[in-house]
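S.K.: Got a structure for you, written out below as structure tokens; questions coming shortly.
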Amino acid sequence: MNCEDARTQFVDYWRGSLEGREAEFRAHLAACERCRAEAEELKDMWSTLGALPEEDPGMQLRVRFYDALRDWRQREAERRRPRWWLHHPALQAAAAMLILVIGVAAGYLVRGRDTSEISQLRGEVYNMRQLVALSLLQQQNASDRLRGVNYAYRVEQDDPQVLSALLTTINHDPNVNVRLAAVDALHKFTDQPVGRRGLEQALAKQASPLVQIAILDQIVELRDRSAAPAIQSVLSSQNVNPDVRQRAKWALKQLQ
Amino acid sequence: MQAVRSGDLGALAILFERHHRSLFNYFLHLNGNRDLSEDLVQDVFFRILKYRQSYQRERPFAAWMYQIARNLNVDSVGKRQFEVSLGDKEFPAVNLMDENLKRKQEVGLLKRAMARLPLDKRELLVLSRFQNLKYEEIAAILGCDAGAVRVRVYRAVRALGQIYFELAGERAS
């Protein structure tokens, strides 16, 4: 192995990927002082290069990507719809009548049901929103998490994953504003027993009077009588905030 | 990528989550501009969608993706000059007693040296060192053979070393 061959192997040597050439390479290094010195000198720089910190792109990139992906899918779905009759002007009138008749008949027959493509598209858009909501709720930045809560509103179905993420936010998020927004967003999930029970349980766990009051209001609005024991336990705790105590008493009265 | 190719556009979200950060850093090392790099990352994924039929399953996905990224970068070069972020321009001359500070200065010097390196060499280092791609993968991106990549990576390391030690010398004198 000559000097030039050896030098082009430096990177493999630092990476530990010399494999079968290692013995020959090391023999050259032992014999050639210049190559040895160069390998040593550049090695430190190579390792510092690998330790350069990676930067994170802004949150906006993710949001923009998912928005654009949704638009793209809508366009694709529209493009795939057959429109052969557009190219046959002579058939247009007949086709229009036929479509009208079929449309009306089909409308009656499958009332409330979508075509598979539209419902698939809806499902996909829905999945996107769910993904964005879930990923935003886990961000470091409070304003990103707030946006995650707002995205949770756009989840159309009662989604257990988004529901559980919202409950986690209510119970554990360090920021009061985010917790308050999550309590509001939970409203659409309160048709489910899990949502209502989550709300009751969160009442006891809250340290912030503002959030406690928001939860109490929500319970009253739902007329959820099963929450009465949870409110009682707030009233019986020692260090409850006077405003919260007052609101809890009022809530109990409303539920009776 | 197979799923995206066969029409499951939702699978692109998985590819995005897996690769967008490395792509962002790839562009950032090449152009030094965060906004531009974010735009380019977005463009890469939509070119992947647009040209998904041309993806060949036997090719490594990363190589194909970086080839797209590379073309986009070439298109954007010339419109803008490389911008070194302000924080890297000036490092105060202080006594190098503190190891941490010394390390920081080395990193700062190295960033400056990278910024001065010609684009083709810088790109080779980004692909081989930051993105940890194998010579074969880089060869597929650049359209040459792995042996040539090995030689070019070494030359890029040496060129970076020259600039780096020059800058370190200026600082010391």
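In the structure tokens, chains take letters A, B, ... by order of appearance, with residues numbered from 1 within each chain and ligands from 1 in the order shown.
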Compute the set of chain A residues within 10 Å of chain B, using only C-alpha atoms, and express it as a VMD selection string.

M.R.: chain A and resid 4 to 5 7 to 12 15 38 41 to 43 45 to 58 60 to 62 64 to 66 68 to 70 72 to 73 76 124 to 125 127 to 128 131

S.K.: Can you write out the residues you just picked, keeping N, CA and C atoms, as a CSV table (one decimal), in the first residue's frame?

M.R.:
chain,number,residue,atom,x,y,z
A,4,GLU,N,-0.7,7.3,-1.1
A,4,GLU,CA,-2.0,7.8,-1.6
A,4,GLU,C,-3.1,6.8,-1.3
A,5,ASP,N,-2.8,5.5,-1.5
A,5,ASP,CA,-3.8,4.5,-1.1
A,5,ASP,C,-4.2,4.6,0.4
A,7,ARG,N,-4.0,7.1,2.4
A,7,ARG,CA,-4.7,8.3,2.8
A,7,ARG,C,-6.2,8.2,2.5
A,8,THR,N,-6.5,7.6,1.3
A,8,THR,CA,-7.9,7.5,1.0
A,8,THR,C,-8.6,6.5,1.9
A,9,GLN,N,-7.9,5.8,2.7
A,9,GLN,CA,-8.5,4.9,3.6
A,9,GLN,C,-8.7,5.5,5.0
A,10,PHE,N,-8.3,6.8,5.2
A,10,PHE,CA,-8.4,7.4,6.5
A,10,PHE,C,-9.8,7.3,7.1
A,11,VAL,N,-10.7,7.8,6.2
A,11,VAL,CA,-12.1,7.9,6.7
A,11,VAL,C,-12.6,6.5,7.2
A,12,ASP,N,-12.3,5.4,6.4
A,12,ASP,CA,-12.7,4.1,6.8
A,12,ASP,C,-12.1,3.7,8.1
A,15,ARG,N,-13.8,5.4,10.8
A,15,ARG,CA,-15.2,4.8,11.0
A,15,ARG,C,-15.1,3.4,11.5
A,38,GLU,N,-0.6,12.8,9.6
A,38,GLU,CA,-1.8,13.4,9.0
A,38,GLU,C,-3.0,12.8,9.5
A,41,GLU,N,-3.7,14.2,12.9
A,41,GLU,CA,-4.1,15.6,12.9
A,41,GLU,C,-5.6,15.7,12.4
A,42,LEU,N,-5.9,15.0,11.3
A,42,LEU,CA,-7.3,15.1,10.8
A,42,LEU,C,-8.4,14.4,11.6
A,43,LYS,N,-7.9,13.4,12.4
A,43,LYS,CA,-8.9,12.6,13.1
A,43,LYS,C,-9.7,13.4,14.1
A,45,MET,N,-10.3,16.6,14.0
A,45,MET,CA,-11.2,17.4,13.2
A,45,MET,C,-12.5,16.6,12.8
A,46,TRP,N,-12.2,15.4,12.3
A,46,TRP,CA,-13.3,14.5,11.8
A,46,TRP,C,-14.3,14.2,13.0
A,47,SER,N,-13.7,14.0,14.2
A,47,SER,CA,-14.6,13.7,15.3
A,47,SER,C,-15.4,14.9,15.8
A,48,THR,N,-14.7,16.1,15.7
A,48,THR,CA,-15.4,17.3,16.1
A,48,THR,C,-16.6,17.6,15.0
A,49,LEU,N,-16.2,17.3,13.8
A,49,LEU,CA,-17.2,17.5,12.7
A,49,LEU,C,-18.5,16.6,13.0
A,50,GLY,N,-18.3,15.4,13.5
A,50,GLY,CA,-19.4,14.5,13.8
A,50,GLY,C,-20.2,15.0,15.0
A,51,ALA,N,-19.5,15.9,15.8
A,51,ALA,CA,-20.2,16.3,17.1
A,51,ALA,C,-20.9,17.7,16.9
A,52,LEU,N,-20.9,18.2,15.6
A,52,LEU,CA,-21.6,19.5,15.4
A,52,LEU,C,-23.0,19.2,15.6
A,53,PRO,N,-23.7,20.1,16.4
A,53,PRO,CA,-25.1,19.8,16.8
A,53,PRO,C,-26.0,20.0,15.6
A,54,GLU,N,-27.0,19.1,15.5
A,54,GLU,CA,-28.0,19.2,14.4
A,54,GLU,C,-29.0,20.2,14.9
A,55,GLU,N,-29.6,20.9,13.9
A,55,GLU,CA,-30.6,21.9,14.2
A,55,GLU,C,-32.0,21.3,13.9
A,56,ASP,N,-32.9,21.9,14.7
A,56,ASP,CA,-34.3,21.4,14.5
A,56,ASP,C,-35.0,22.4,13.6
A,57,PRO,N,-35.8,21.9,12.6
A,57,PRO,CA,-36.5,22.9,11.8
A,57,PRO,C,-37.7,23.4,12.6
A,58,GLY,N,-38.3,24.5,12.1
A,58,GLY,CA,-39.4,25.1,12.9
A,58,GLY,C,-40.7,24.2,12.8
A,60,GLN,N,-43.5,25.1,12.0
A,60,GLN,CA,-44.3,25.5,10.8
A,60,GLN,C,-44.1,24.5,9.7
A,61,LEU,N,-42.9,23.9,9.6
A,61,LEU,CA,-42.6,23.0,8.5
A,61,LEU,C,-43.5,21.8,8.5
A,62,ARG,N,-43.7,21.3,9.7
A,62,ARG,CA,-44.6,20.1,9.9
A,62,ARG,C,-46.0,20.4,9.5
A,64,ARG,N,-47.1,22.9,7.6
A,64,ARG,CA,-47.2,23.2,6.2
A,64,ARG,C,-47.2,21.9,5.4
A,65,PHE,N,-46.4,21.0,5.8
A,65,PHE,CA,-46.3,19.7,5.1
A,65,PHE,C,-47.6,19.0,5.1
A,66,TYR,N,-48.2,18.9,6.3
A,66,TYR,CA,-49.5,18.1,6.4
A,66,TYR,C,-50.6,18.8,5.7
A,68,ALA,N,-50.3,20.7,3.0
A,68,ALA,CA,-50.0,20.5,1.6
A,68,ALA,C,-50.4,19.1,1.2
A,69,LEU,N,-50.1,18.1,2.1
A,69,LEU,CA,-50.3,16.7,1.7
A,69,LEU,C,-51.9,16.5,1.6
A,70,ARG,N,-52.6,17.2,2.5
A,70,ARG,CA,-54.1,17.0,2.5
A,70,ARG,C,-54.6,17.6,1.1
A,72,TRP,N,-53.0,17.9,-1.7
A,72,TRP,CA,-52.6,17.0,-2.7
A,72,TRP,C,-53.5,15.8,-2.9
A,73,ARG,N,-53.9,15.2,-1.7
A,73,ARG,CA,-54.7,14.0,-1.8
A,73,ARG,C,-56.1,14.4,-2.3
A,76,GLU,N,-55.8,14.6,-6.0
A,76,GLU,CA,-55.7,13.3,-6.6
A,76,GLU,C,-57.0,12.6,-6.6
A,124,GLU,N,-58.8,9.7,5.5
A,124,GLU,CA,-57.4,10.1,5.4
A,124,GLU,C,-57.1,11.5,6.0
A,125,VAL,N,-58.0,12.4,5.6
A,125,VAL,CA,-57.9,13.8,6.2
A,125,VAL,C,-58.0,13.7,7.7
A,127,ASN,N,-57.2,11.3,9.6
A,127,ASN,CA,-55.9,10.7,10.2
A,127,ASN,C,-54.9,11.8,10.3
A,128,MET,N,-54.8,12.6,9.2
A,128,MET,CA,-53.8,13.7,9.2
A,128,MET,C,-54.0,14.6,10.4
A,131,LEU,N,-52.9,13.0,13.5
A,131,LEU,CA,-51.5,13.0,13.6
A,131,LEU,C,-50.9,14.4,14.0

S.K.: Please identify all polymer residues within 10 Å of region 150-166 of chain A, counting only C-alpha atoms, omitting same-chain residues fewer than 3 positions from it, and present them as a PDB file with C-alpha atoms, in the first residue's frame.

M.R.:
ATOM      1  CA  ARG A 122     -62.411  11.794   4.757  1.00  0.00           C
ATOM      2  CA  GLY A 123     -60.743   9.059   6.727  1.00  0.00           C
ATOM      3  CA  VAL A 125     -57.873  13.784   6.153  1.00  0.00           C
ATOM      4  CA  TYR A 126     -59.088  12.801   9.563  1.00  0.00           C
ATOM      5  CA  ASN A 127     -55.948  10.724  10.171  1.00  0.00           C
ATOM      6  CA  MET A 128     -53.813  13.689   9.182  1.00  0.00           C
ATOM      7  CA  ARG A 129     -55.553  15.929  11.702  1.00  0.00           C
ATOM      8  CA  GLN A 130     -55.185  13.310  14.369  1.00  0.00           C
ATOM      9  CA  LEU A 131     -51.455  13.000  13.626  1.00  0.00           C
ATOM     10  CA  VAL A 132     -50.930  16.777  13.671  1.00  0.00           C
ATOM     11  CA  ALA A 133     -52.934  17.181  16.902  1.00  0.00           C
ATOM     12  CA  LEU A 134     -51.033  14.386  18.624  1.00  0.00           C
ATOM     13  CA  SER A 135     -47.629  15.571  17.517  1.00  0.00           C
ATOM     14  CA  LEU A 136     -48.315  19.231  18.400  1.00  0.00           C
ATOM     15  CA  LEU A 137     -49.541  18.252  21.882  1.00  0.00           C
ATOM     16  CA  GLN A 138     -46.108  16.815  22.593  1.00  0.00           C
ATOM     17  CA  ASP A 144     -47.412  24.799  19.752  1.00  0.00           C
ATOM     18  CA  ARG A 145     -49.282  22.706  22.316  1.00  0.00           C
ATOM     19  CA  LEU A 146     -52.106  25.264  22.266  1.00  0.00           C
ATOM     20  CA  ARG A 147     -52.295  24.812  18.525  1.00  0.00           C
ATOM     21  CA  THR A 169     -52.578  17.527  28.782  1.00  0.00           C
ATOM     22  CA  ILE A 170     -55.235  18.500  31.345  1.00  0.00           C
ATOM     23  CA  ASN A 171     -53.527  16.478  34.063  1.00  0.00           C
ATOM     24  CA  HIS A 172     -49.875  17.115  33.335  1.00  0.00           C
ATOM     25  CA  ASP A 173     -49.294  20.160  31.139  1.00  0.00           C
ATOM     26  CA  VAL A 178     -52.892  25.008  27.577  1.00  0.00           C
ATOM     27  CA  ARG A 179     -54.753  23.093  30.304  1.00  0.00           C
ATOM     28  CA  ALA A 181     -57.906  25.142  26.336  1.00  0.00           C
ATOM     29  CA  ALA A 182     -57.729  21.354  26.696  1.00  0.00           C
ATOM     30  CA  VAL A 183     -60.675  21.400  29.150  1.00  0.00           C
ATOM     31  CA  ASP A 184     -62.706  23.326  26.554  1.00  0.00           C
ATOM     32  CA  ALA A 185     -61.660  20.980  23.762  1.00  0.00           C
ATOM     33  CA  LEU A 186     -62.661  17.980  25.873  1.00  0.00           C
ATOM     34  CA  HIS A 187     -66.269  19.135  25.621  1.00  0.00           C
ATOM     35  CA  LYS A 188     -66.756  17.363  22.323  1.00  0.00           C
ATOM     36  CA  PHE A 189     -65.575  14.095  23.839  1.00  0.00           C
ATOM     37  CA  THR A 190     -67.944  14.164  26.788  1.00  0.00           C
ATOM     38  CA  ASP A 191     -70.492  11.991  24.985  1.00  0.00           C
ATOM     39  CA  GLN A 192     -68.183   9.183  25.904  1.00  0.00           C
ATOM     40  CA  VAL A 194     -64.223   7.941  29.317  1.00  0.00           C
ATOM     41  CA  GLY A 195     -64.309  11.673  28.562  1.00  0.00           C
ATOM     42  CA  GLY A 198     -61.532  11.808  32.803  1.00  0.00           C
TER      43      GLY A 198
END

S.K.: Enumerate as a compact mmCIF listing (two decimals) with C-alpha atoms, in the first residue's frame all residues of chain B assigned to helix (DSSP H, G or I) by DSSP on the backbone, naming them with the chain letters and numbers the document uses.

M.R.:
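Writing done, so here's part_21.txt:
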# COMPACT_ATOMS: atom_id res chain seq x y z
CA GLN B 2 -43.30 1.07 -1.87
CA ALA B 3 -46.61 2.08 -0.28
CA VAL B 4 -46.32 5.66 -1.56
CA ARG B 5 -45.50 4.37 -5.02
CA ALA B 11 -47.28 6.69 3.86
CA LEU B 12 -45.45 9.86 2.84
CA ALA B 13 -46.12 11.17 6.35
CA ILE B 14 -44.02 8.32 7.74
CA LEU B 15 -41.17 9.15 5.37
CA PHE B 16 -41.50 12.80 6.34
CA GLU B 17 -41.29 12.05 10.05
CA ARG B 18 -38.27 9.82 9.50
CA HIS B 19 -36.21 12.04 7.21
CA HIS B 20 -37.25 15.70 7.43
CA ARG B 21 -34.76 16.63 10.16
CA SER B 22 -31.73 15.17 8.38
CA LEU B 23 -32.84 16.74 5.12
CA PHE B 24 -33.25 20.09 6.84
CA ASN B 25 -29.71 19.85 8.20
CA TYR B 26 -28.40 18.75 4.80
CA PHE B 27 -29.79 21.91 3.20
CA LEU B 28 -28.78 24.08 6.12
CA HIS B 29 -25.16 22.97 5.80
CA LEU B 30 -25.26 23.75 2.11
CA ASN B 31 -27.01 27.12 2.12
CA ARG B 34 -33.18 28.21 7.71
CA ASP B 35 -36.19 29.50 5.79
CA LEU B 36 -34.82 28.41 2.45
CA SER B 37 -33.90 25.01 3.90
CA GLU B 38 -37.43 24.47 5.22
CA ASP B 39 -38.87 25.37 1.80
CA LEU B 40 -36.50 22.94 0.14
CA VAL B 41 -37.43 20.10 2.54
CA GLN B 42 -41.07 20.68 1.65
CA ASP B 43 -40.18 20.64 -2.06
CA VAL B 44 -38.29 17.35 -1.72
CA PHE B 45 -41.36 15.56 -0.36
CA PHE B 46 -43.59 16.89 -3.08
CA ARG B 47 -41.14 15.90 -5.76
CA ILE B 48 -41.14 12.44 -4.18
CA LEU B 49 -44.91 12.39 -4.64
CA LYS B 50 -44.75 13.77 -8.13
CA ARG B 52 -43.03 8.38 -7.21
CA GLN B 53 -43.55 6.21 -10.27
CA SER B 54 -39.91 6.64 -11.24
CA PHE B 61 -34.58 5.14 -0.71
CA ALA B 62 -32.11 7.53 0.98
CA ALA B 63 -29.99 7.70 -2.16
CA TRP B 64 -33.02 8.53 -4.31
CA MET B 65 -34.25 11.14 -1.83
CA TYR B 66 -30.86 12.87 -1.60
CA GLN B 67 -30.60 12.87 -5.36
CA ILE B 68 -33.85 14.84 -5.47
CA ALA B 69 -32.60 17.07 -2.65
CA ARG B 70 -29.38 17.65 -4.51
CA ASN B 71 -31.11 18.71 -7.70
CA LEU B 72 -33.31 21.11 -5.79
CA ASN B 73 -30.29 22.59 -4.09
CA VAL B 74 -28.51 23.05 -7.39
CA ASP B 75 -31.59 24.91 -8.67
CA SER B 76 -31.62 27.20 -5.65
CA LEU B 86 -24.06 35.71 12.93
CA GLY B 87 -23.29 33.73 16.04
CA ASP B 88 -20.48 31.90 14.30
CA LYS B 89 -18.69 34.90 12.90
CA GLU B 99 -12.15 22.98 28.12
CA ASN B 100 -15.75 23.67 27.35
CA LEU B 101 -14.97 27.03 25.83
CA LYS B 102 -12.15 25.51 23.87
CA ARG B 103 -14.53 22.94 22.47
CA LYS B 104 -16.99 25.67 21.57
CA GLN B 105 -14.29 27.56 19.76
CA GLU B 106 -13.28 24.47 17.83
CA VAL B 107 -16.88 23.95 16.78
CA GLY B 108 -17.15 27.61 15.76
CA LEU B 109 -13.94 27.44 13.75
CA LEU B 110 -15.05 24.25 12.10
CA LYS B 111 -18.38 25.79 11.09
CA ARG B 112 -16.54 28.71 9.56
CA ALA B 113 -14.16 26.38 7.79
CA MET B 114 -17.13 24.38 6.42
CA ALA B 115 -18.72 27.59 5.15
CA ARG B 116 -15.54 28.42 3.22
CA LEU B 119 -19.97 23.48 -2.30
CA ASP B 120 -19.10 20.09 -3.84
CA LYS B 121 -16.64 19.25 -1.07
CA ARG B 122 -18.97 20.51 1.63
CA GLU B 123 -21.75 18.35 0.24
CA LEU B 124 -19.55 15.25 0.32
CA LEU B 125 -18.76 15.85 3.99
CA VAL B 126 -22.41 16.45 4.82
CA LEU B 127 -23.43 13.20 3.15
CA SER B 128 -20.62 11.08 4.54
CA ARG B 129 -20.23 12.57 8.02
CA PHE B 130 -23.55 14.12 9.03
CA TYR B 135 -19.73 5.33 -0.19
CA GLU B 136 -22.03 3.19 -2.33
CA GLU B 137 -25.04 5.32 -1.43
CA ILE B 138 -23.19 8.57 -2.10
CA ALA B 139 -21.99 7.11 -5.38
CA ALA B 140 -25.61 6.42 -6.35
CA ILE B 141 -26.52 10.04 -5.54
CA LEU B 142 -23.60 11.56 -7.42
CA ALA B 146 -17.73 4.12 -4.76
CA GLY B 147 -13.94 4.21 -5.28
CA ALA B 148 -14.15 7.73 -6.67
CA VAL B 149 -16.29 8.78 -3.71
CA ARG B 150 -13.68 7.44 -1.27
CA VAL B 151 -10.96 9.56 -2.92
CA ARG B 152 -13.16 12.66 -3.08
CA VAL B 153 -14.22 12.36 0.57
CA TYR B 154 -10.57 12.19 1.59
CA ARG B 155 -9.79 15.28 -0.51
CA ALA B 156 -12.70 17.13 1.07
CA VAL B 157 -11.45 16.23 4.56
CA ARG B 158 -7.97 17.43 3.68
CA ALA B 159 -9.27 20.68 2.17
CA LEU B 160 -11.37 21.29 5.26
CA GLY B 161 -8.31 20.57 7.42
CA GLN B 162 -6.27 23.16 5.53
CA ILE B 163 -8.87 25.88 6.01
CA TYR B 164 -9.48 24.86 9.61
CA PHE B 165 -5.81 24.97 10.60
CA GLU B 166 -5.33 28.24 8.72
CA LEU B 167 -8.18 29.80 10.71
CA ALA B 168 -6.80 28.35 13.93
CA GLY B 169 -3.39 29.80 13.04
CA GLU B 170 -4.87 33.25 12.40
CA ARG B 171 -6.52 33.09 15.80
CA ALA B 172 -3.33 32.05 17.53
